[in-house]
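Below: one structure, written as structure tokens.
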Amino acid sequence: MIEKIKKIIPKNKIEMLCFFFIGYILFVRIIYLFSKSIDLGGMEFSFIYQQQFIDKHNVLYLNPDNFPFYISFYPPLYPYLMKVLLAFFNINVYTDISNALILGRLLSLTSLFFVIYFILKIIRFISVNISHKYLLCLIFILLLPEHFYTFRPDSLKVLCFIIFLFFMLQYNFGEQTKRNLIFATCAAIIGIYTKHDIIIYIAIFFGVQFIMSKKIKDIIPFLIILLATAGLFVYVYLLKGNLILKNLFFYNIQYGNDAKLSILLILINIVRLFPLLLLSIINTKSKNVMIQFIAWYAILLFFTSSILLLRSGANLNYTYEVVIVMIINAGIYIQQKNFSYYKTTIAYVFLLLLMCNKISYKLVHFGEDIDKWKAQYSAQQFSSKAIANIIKNDVVFFPEGKQLVFNGKLNTIFGYDLHLERFTSLYLNTSIKSRILNNQSTAEYDKLFTNGFVKYIVIEDNKNSLEQINTYYPLYYFQEKQHQYLIYTFKDK
């Protein structure tokens, strides 16, 4: 027990500083975790509405080309896991939204500790020992986008990825036991059914392995994963037809007309990961085959994540996997070399803090946000009752999207991705257009706003919302104001 405690204690001043800094960051994160915010990042509120949707319709996948035009972008594992957990803890997803969010955030935070645990285990497996572990953990935490800590499937997918990576490395470079292969395969399949983009990073893993070894047997585990995953997809397809495919793939393949935002995001990613990329490049020169492998894997993931950032609405949550593998490379480099670049490292940490301006702001001003969100949450709960009394059973549209979670039982129309630029101009204050969705369903969707099918539109009382109602919904006239919301009703000229 004493020996384990000794291993936890930081060994030098830099490690001690990193240890306390990590503690403070996690303290602030936990404060936010229990806040009344309905969107700490990554459209968190939409995942609450997904739970409400499952409860209301008793199904996750409907035809996204028909009313209510709801699209579920993700595989079924995470929403149904949360459905079970919400029921277990007796949390009403309509009236107890705050506790539902807290539950999902706690699950994400728990995943963080397991991810860090497996990162350190992989470094120890490759390098036997590990030094400067708190410095590595601090850099890793600073590189994680806010999506990771929210009510989203990202953290669970990342946990599956690191478990897959650990056991697959054990299988390829350690003991080729059935246990290692089974654990790696199960983690990969669970990860794919949590957030299916993980299959790209798994495929690259086996691609690098095959290129380096030139042995067919090295891609057999990947074929097993593909067959097992395909079998489950076929089973769901036979039950639900092509609805799951249309939800998961057709509406997910979107690329924006304006490349400026994507290029900016790629440049930000290059700057923040460049020091780690250099260490990965250096590691490719190692005589150790396993170190070479993990280095080339990191480099290929870096370029892959940059390509994925071109997707409409993409964010740095597409870089989880490359961050993990680059941190492993950094840990290997530090252990192999006589590391003494403390000034450079401190400068890098400050650079990450400057780039993560949201984190830096929250570390100092978190109390202001907490009070503001608490007041907003109470106001939205109060407003939703008044709105429900007016709307009743008629069809209603909420252009901003956030009000959905407080009005989950209403007869709502969605279709946000059919006019992505309208939604993003309200949510992100930036118009992001999509190239793929100029199809027949868009025209059918628009008809519902000209023939009276959608009777009400509820917007926030702000300039952007008022501009949209005047531009895109000319047949809707102001009826009344309920607190911070304006209610418009359809009137055919």
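Labels for the structure tokens follow display order: chains A, B, ..., residues from 1 in each chain, ligands from 1.
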Tell me which protein, DNA and RNA residues are within 7 Å of region 138-150 of chain A, counting only C-alpha atoms, leaving out same-chain ones fewer than 4 positions away, and put them as number ranges by chain. A: 18, 22, 40-42, 44, 104-105, 108-109, 134, 154-155, 316-317, 320, 327, 349, 352
So that I can check the surroundings of Ile268 (chain A), please list as a VMD selection string every protein, DNA and RNA residue that reaches within 12 Å of it, counting only C-alpha atoms and ignoring chain neighbours fewer than 3 positions away. chain A and resid 143 261 to 265 271 to 274 306 309 315 to 316 319 351 to 352 354 to 356
Among region 253-450 of chain A, which residues does DSSP mark as alpha helix (DSSP H) when it is run on the backbone? Keep the chain and numbering as in the structure and answer as a ChimeraX atom specification. /A:260-283,289-308,320-336,342-355,357-391,420-427,440-447
Exercise: Phe398 (chain A) partners within 7 Å, only C-alpha atoms, chain neighbours under 2 positions left out, as a PyMOL selection string: chain A and resi 396+400-401+403-404+457-459
Using DSSP secondary structure from the backbone, list all strand (DSSP E) positions within region 393-429 of chain A, as a short mmCIF file (atom, residue, chain, number, x, y, z; two decimals) with N, CA and C atoms, in the first residue's frame.
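Contents of selection09.cif, freshly written:
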```cif
data_model
loop_
_atom_site.label_atom_id
_atom_site.label_comp_id
_atom_site.auth_asym_id
_atom_site.auth_seq_id
_atom_site.Cartn_x
_atom_site.Cartn_y
_atom_site.Cartn_z
N VAL A 395 -48.54 21.35 -34.31
CA VAL A 395 -47.14 21.18 -34.68
C VAL A 395 -46.39 22.50 -34.46
N VAL A 396 -45.22 22.41 -33.85
CA VAL A 396 -44.44 23.60 -33.52
C VAL A 396 -42.99 23.41 -33.95
N PHE A 397 -42.34 24.51 -34.30
CA PHE A 397 -40.94 24.49 -34.70
C PHE A 397 -40.16 25.46 -33.82
N ASN A 411 -45.65 18.38 -30.04
CA ASN A 411 -45.59 17.80 -31.38
C ASN A 411 -44.64 18.66 -32.22
N THR A 412 -43.37 18.28 -32.21
CA THR A 412 -42.30 19.13 -32.76
C THR A 412 -41.85 18.64 -34.13
N ILE A 413 -41.49 19.59 -34.98
CA ILE A 413 -40.84 19.28 -36.25
C ILE A 413 -39.37 19.66 -36.15
#
```
Applying 12 Å and only C-alpha atoms, which residues near region 171-188 of chain A remain after dropping the ones on its own chain fewer than 6 positions away? List them as a PyMOL selection string. chain A and resi 122+125-126+156-165+194-203+205-206+209-210+212-213+215+217-229+288-294
Straight-line distance linking CA of Glu444 (chain A) with CA of Tyr49 (chain A), stated in Å to one decimal: 23.7 Å
Given the choices A:Ile487, A:Leu136, A:Ile266, A:Met326, which gets closest to Thr345 (chain A) if the distance is worked out from only C-alpha atoms? A:Leu136
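Between CA of Ile123 (chain A) and CA of Phe350 (chain A) the interatomic distance comes to 24.5 Å.
Note that the spacing between CA of Thr450 (chain A) and CA of Leu475 (chain A) amounts to 6.9 Å.
Ranking A:Ala443, A:Ile54, A:Met16, A:Ala295 by their shortest atom-to-atom distance to Ile282 (chain A), with only C-alpha atoms included, puts A:Ala295 first.
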Selection: 7 Å around Glu15 (chain A), only C-alpha atoms, excl. self and same-chain fewer than 4 positions, as a ChimeraX atom specification: /A:10-11,19,132,134-135
Could you please take those selected residues and save C-alpha atoms as a PDB file, in the first residue's frame?
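That gives us result38.pdb:
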```pdb
ATOM      1  CA  PRO A  10       5.089  13.583  -7.842  1.00  0.00           C
ATOM      2  CA  LYS A  11       8.871  13.178  -8.103  1.00  0.00           C
ATOM      3  CA  PHE A  19      -0.360  17.464 -10.286  1.00  0.00           C
ATOM      4  CA  HIS A 132       6.727  12.761 -16.096  1.00  0.00           C
ATOM      5  CA  TYR A 134       1.572  14.163 -14.585  1.00  0.00           C
ATOM      6  CA  LEU A 135       3.026  16.379 -17.299  1.00  0.00           C
TER       7      LEU A 135
END
```
Spatial neighbours of Ala388 (chain A), 9 Å, only C-alpha atoms, chain gap at least 6 places, as a ChimeraX atom specification: /A:407,409-410
